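Note: the block below is structure-v8.pdb and it holds PDB, C-alpha atoms, pLDDT in the B column.
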```pdb
MODEL        1
ATOM      1  CA  MET A   1     161.127  21.869 -58.426  1.00 94.00           C
ATOM      2  CA  ARG A   2     164.607  21.383 -57.046  1.00 93.00           C
ATOM      3  CA  ILE A   3     165.106  20.208 -53.491  1.00 93.00           C
ATOM      4  CA  TYR A   4     168.548  20.591 -51.926  1.00 89.00           C
ATOM      5  CA  THR A   5     168.855  18.239 -48.970  1.00 89.00           C
ATOM      6  CA  GLY A   6     170.265  19.135 -45.576  1.00 89.00           C
ATOM      7  CA  ALA A   7     167.315  20.758 -43.770  1.00 94.00           C
ATOM      8  CA  ASP A   8     163.540  20.790 -43.542  1.00 97.00           C
ATOM      9  CA  VAL A   9     161.875  23.527 -45.555  1.00 96.00           C
ATOM     10  CA  THR A  10     158.415  24.892 -46.266  1.00 97.00           C
ATOM     11  CA  PHE A  11     157.678  27.033 -49.304  1.00 97.00           C
ATOM     12  CA  THR A  12     154.638  28.347 -51.139  1.00 98.00           C
ATOM     13  CA  LEU A  13     154.167  27.793 -54.843  1.00 97.00           C
ATOM     14  CA  TYR A  14     152.274  30.868 -56.056  1.00 98.00           C
ATOM     15  CA  GLU A  15     150.591  31.380 -59.420  1.00 97.00           C
ATOM     16  CA  ASP A  16     148.279  33.945 -60.955  1.00 97.00           C
ATOM     17  CA  GLU A  17     147.264  35.170 -64.408  1.00 96.00           C
ATOM     18  CA  GLY A  18     150.613  36.905 -64.764  1.00 95.00           C
ATOM     19  CA  ASN A  19     149.446  39.834 -66.846  1.00 96.00           C
ATOM     20  CA  ASN A  20     147.235  41.994 -64.628  1.00 97.00           C
ATOM     21  CA  TYR A  21     146.431  43.011 -61.045  1.00 97.00           C
ATOM     22  CA  ASN A  22     143.538  40.583 -60.445  1.00 97.00           C
ATOM     23  CA  TYR A  23     145.588  38.936 -57.692  1.00 97.00           C
ATOM     24  CA  GLU A  24     144.808  42.025 -55.582  1.00 97.00           C
ATOM     25  CA  ASN A  25     141.185  40.844 -55.598  1.00 97.00           C
ATOM     26  CA  GLY A  26     142.008  37.221 -54.735  1.00 97.00           C
ATOM     27  CA  ALA A  27     142.540  35.800 -58.234  1.00 98.00           C
ATOM     28  CA  TYR A  28     145.535  33.582 -57.484  1.00 98.00           C
ATOM     29  CA  ASN A  29     146.437  30.095 -56.295  1.00 98.00           C
ATOM     30  CA  GLU A  30     148.851  28.900 -53.632  1.00 98.00           C
ATOM     31  CA  ILE A  31     150.163  25.437 -52.857  1.00 98.00           C
ATOM     32  CA  ILE A  32     152.147  24.938 -49.655  1.00 98.00           C
ATOM     33  CA  CYS A  33     154.981  22.441 -50.070  1.00 98.00           C
ATOM     34  CA  ARG A  34     157.017  20.860 -47.273  1.00 98.00           C
ATOM     35  CA  TRP A  35     160.283  18.935 -47.480  1.00 98.00           C
ATOM     36  CA  ASN A  36     161.053  16.602 -44.561  1.00 97.00           C
ATOM     37  CA  ASP A  37     164.786  15.970 -44.754  1.00 94.00           C
ATOM     38  CA  LYS A  38     164.821  13.031 -42.325  1.00 94.00           C
ATOM     39  CA  THR A  39     162.116  11.033 -44.116  1.00 95.00           C
ATOM     40  CA  ARG A  40     162.984  12.361 -47.612  1.00 94.00           C
ATOM     41  CA  VAL A  41     159.318  13.135 -48.297  1.00 97.00           C
ATOM     42  CA  LEU A  42     158.037  16.137 -50.233  1.00 98.00           C
ATOM     43  CA  THR A  43     154.444  16.985 -49.335  1.00 98.00           C
ATOM     44  CA  ILE A  44     152.644  19.024 -51.977  1.00 98.00           C
ATOM     45  CA  GLY A  45     149.614  20.484 -50.214  1.00 98.00           C
ATOM     46  CA  ASP A  46     146.089  21.143 -51.396  1.00 98.00           C
ATOM     47  CA  SER A  47     145.578  23.711 -54.125  1.00 97.00           C
ATOM     48  CA  ASN A  48     144.090  26.827 -52.546  1.00 97.00           C
ATOM     49  CA  GLY A  49     142.700  29.430 -54.925  1.00 97.00           C
ATOM     50  CA  ASN A  50     141.463  30.126 -58.409  1.00 96.00           C
ATOM     51  CA  PHE A  51     141.867  32.559 -61.310  1.00 97.00           C
ATOM     52  CA  SER A  52     140.901  32.844 -64.962  1.00 95.00           C
ATOM     53  CA  GLY A  53     142.661  30.083 -66.911  1.00 94.00           C
ATOM     54  CA  PHE A  54     143.577  28.190 -63.731  1.00 95.00           C
ATOM     55  CA  GLN A  55     144.312  24.488 -64.192  1.00 95.00           C
ATOM     56  CA  LYS A  56     144.154  22.343 -61.066  1.00 94.00           C
ATOM     57  CA  ASP A  57     145.854  19.359 -62.724  1.00 97.00           C
ATOM     58  CA  LYS A  58     149.606  19.798 -63.006  1.00 97.00           C
ATOM     59  CA  VAL A  59     152.735  17.810 -63.745  1.00 98.00           C
ATOM     60  CA  PHE A  60     155.670  18.446 -61.420  1.00 98.00           C
ATOM     61  CA  ASN A  61     159.238  17.572 -62.396  1.00 98.00           C
ATOM     62  CA  ILE A  62     161.050  17.203 -59.075  1.00 96.00           C
ATOM     63  CA  THR A  63     164.796  16.773 -58.589  1.00 94.00           C
ATOM     64  CA  VAL A  64     166.381  16.090 -55.202  1.00 92.00           C
ATOM     65  CA  ILE A  65     170.049  17.078 -55.015  1.00 89.00           C
ATOM     66  CA  TYR A  66     172.344  15.660 -52.347  1.00 81.00           C
ATOM     67  CA  PRO A  67     175.177  17.779 -50.854  1.00 73.00           C
ATOM     68  CA  LEU A  68     178.721  17.288 -52.132  1.00 67.00           C
ATOM     69  CA  GLU A  69     180.056  16.433 -48.683  1.00 65.00           C
ATOM     70  CA  ASP A  70     177.846  13.332 -48.615  1.00 52.00           C
ATOM     71  CA  SER A  71     180.451  11.091 -50.250  1.00 56.00           C
ATOM     72  CA  ASP A  72     178.031   8.239 -50.969  1.00 59.00           C
ATOM     73  CA  ARG A  73     175.865  10.521 -53.091  1.00 52.00           C
ATOM     74  CA  GLN A  74     178.269  13.078 -54.586  1.00 56.00           C
ATOM     75  CA  THR A  75     176.992  12.750 -58.112  1.00 51.00           C
ATOM     76  CA  GLU A  76     173.578  11.424 -57.254  1.00 66.00           C
ATOM     77  CA  SER A  77     170.278  13.148 -57.627  1.00 82.00           C
ATOM     78  CA  MET A  78     166.842  11.634 -57.764  1.00 90.00           C
ATOM     79  CA  LYS A  79     164.238  12.737 -60.274  1.00 94.00           C
ATOM     80  CA  LYS A  80     160.540  12.055 -60.334  1.00 96.00           C
ATOM     81  CA  VAL A  81     157.690  13.252 -62.481  1.00 97.00           C
ATOM     82  CA  VAL A  82     154.394  13.311 -60.608  1.00 97.00           C
ATOM     83  CA  GLN A  83     150.810  14.006 -61.596  1.00 98.00           C
ATOM     84  CA  TYR A  84     149.046  16.433 -59.247  1.00 98.00           C
ATOM     85  CA  SER A  85     145.264  16.884 -59.163  1.00 98.00           C
ATOM     86  CA  GLY A  86     145.000  19.714 -56.622  1.00 97.00           C
ATOM     87  CA  GLN A  87     144.882  17.474 -53.557  1.00 98.00           C
ATOM     88  CA  LYS A  88     147.615  16.785 -51.016  1.00 98.00           C
ATOM     89  CA  LEU A  89     150.292  14.477 -52.374  1.00 98.00           C
ATOM     90  CA  ASN A  90     153.294  12.889 -50.627  1.00 98.00           C
ATOM     91  CA  VAL A  91     156.300  12.118 -52.833  1.00 97.00           C
ATOM     92  CA  ASN A  92     158.863   9.742 -51.303  1.00 96.00           C
ATOM     93  CA  PHE A  93     162.522  10.115 -52.255  1.00 92.00           C
ATOM     94  CA  ASP A  94     163.937   7.558 -49.829  1.00 81.00           C
ATOM     95  CA  LEU A  95     166.806   5.592 -51.335  1.00 64.00           C
TER      96      LEU A  95
ENDMDL
END
```
Give the structure from the file, written as structure tokens.
Amino acid sequence: MRIYTGADVTFTLYEDEGNNYNYENGAYNEIICRWNDKTRVLTIGDSNGNFSGFQKDKVFNITVIYPLEDSDRQTESMKKVVQYSGQKLNVNFDL
């Protein structure tokens, strides 16, 4: 995941089997993610769904990129690797 700072955002991470139409019958998973720009916290929500071959445990590589006009952080980005087990997880990127 890449997070570009400057505003709050909510997005849905969607996954399915990728090779058929089983998602039309509910065979998919969604994870709602929220970035709070003020607190610099990414909330990865609960895993919501299931499909053949689904793995609840995941590893997320997250990079937070700061805008160029922020002179203190022009070349700075923060990276974290987090283990996710399907339950809500808050990831703090506060400097």
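Residues in contact with A:Ser52 at up to 9 Å, not including ones fewer than 4 positions away on its chain and judged by all atoms listed in the file, are A:Asp16, A:Glu17, A:Ala27, A:Tyr28.
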**OP:** Just say which residues the PyMOL selection byres ((chain A and resi 41-44) around 12) picks in this file, as number ranges by chain.
**Re:** A: 1-5, 7-13, 30-40, 45-48, 58-60, 62-64, 80, 82-95
Restricting it to C-alpha atoms, dump the selection as a compact mmCIF listing (two decimals), keeping the file's coordinate frame.
```txt
# COMPACT_ATOMS: atom_id res chain seq x y z
CA MET A 1 161.13 21.87 -58.43
CA ARG A 2 164.61 21.38 -57.05
CA ILE A 3 165.11 20.21 -53.49
CA TYR A 4 168.55 20.59 -51.93
CA THR A 5 168.86 18.24 -48.97
CA ALA A 7 167.32 20.76 -43.77
CA ASP A 8 163.54 20.79 -43.54
CA VAL A 9 161.88 23.53 -45.56
CA THR A 10 158.42 24.89 -46.27
CA PHE A 11 157.68 27.03 -49.30
CA THR A 12 154.64 28.35 -51.14
CA LEU A 13 154.17 27.79 -54.84
CA GLU A 30 148.85 28.90 -53.63
CA ILE A 31 150.16 25.44 -52.86
CA ILE A 32 152.15 24.94 -49.66
CA CYS A 33 154.98 22.44 -50.07
CA ARG A 34 157.02 20.86 -47.27
CA TRP A 35 160.28 18.93 -47.48
CA ASN A 36 161.05 16.60 -44.56
CA ASP A 37 164.79 15.97 -44.75
CA LYS A 38 164.82 13.03 -42.32
CA THR A 39 162.12 11.03 -44.12
CA ARG A 40 162.98 12.36 -47.61
CA GLY A 45 149.61 20.48 -50.21
CA ASP A 46 146.09 21.14 -51.40
CA SER A 47 145.58 23.71 -54.12
CA ASN A 48 144.09 26.83 -52.55
CA LYS A 58 149.61 19.80 -63.01
CA VAL A 59 152.74 17.81 -63.74
CA PHE A 60 155.67 18.45 -61.42
CA ILE A 62 161.05 17.20 -59.08
CA THR A 63 164.80 16.77 -58.59
CA VAL A 64 166.38 16.09 -55.20
CA LYS A 80 160.54 12.06 -60.33
CA VAL A 82 154.39 13.31 -60.61
CA GLN A 83 150.81 14.01 -61.60
CA TYR A 84 149.05 16.43 -59.25
CA SER A 85 145.26 16.88 -59.16
CA GLY A 86 145.00 19.71 -56.62
CA GLN A 87 144.88 17.47 -53.56
CA LYS A 88 147.62 16.78 -51.02
CA LEU A 89 150.29 14.48 -52.37
CA ASN A 90 153.29 12.89 -50.63
CA VAL A 91 156.30 12.12 -52.83
CA ASN A 92 158.86 9.74 -51.30
CA PHE A 93 162.52 10.12 -52.26
CA ASP A 94 163.94 7.56 -49.83
CA LEU A 95 166.81 5.59 -51.34
```
**OP:** Return the single residue from A:Tyr14, A:Gly6, A:Tyr21, A:Asn29 that is closest to A:Gly49, with distances computed using only C-alpha atoms.
**Re:** A:Asn29
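Atom CA of A:Phe54 to atom CA of A:Tyr23 spans 12.5 Å [interatomic distance, one decimal].
The gap separating atom CA of A:Gly18 from atom CA of A:Asn61 is 21.3 Å, in Å to one decimal.
Here atom CA of A:Glu15 stands at a distance of 11.2 Å from atom CA of A:Lys56.
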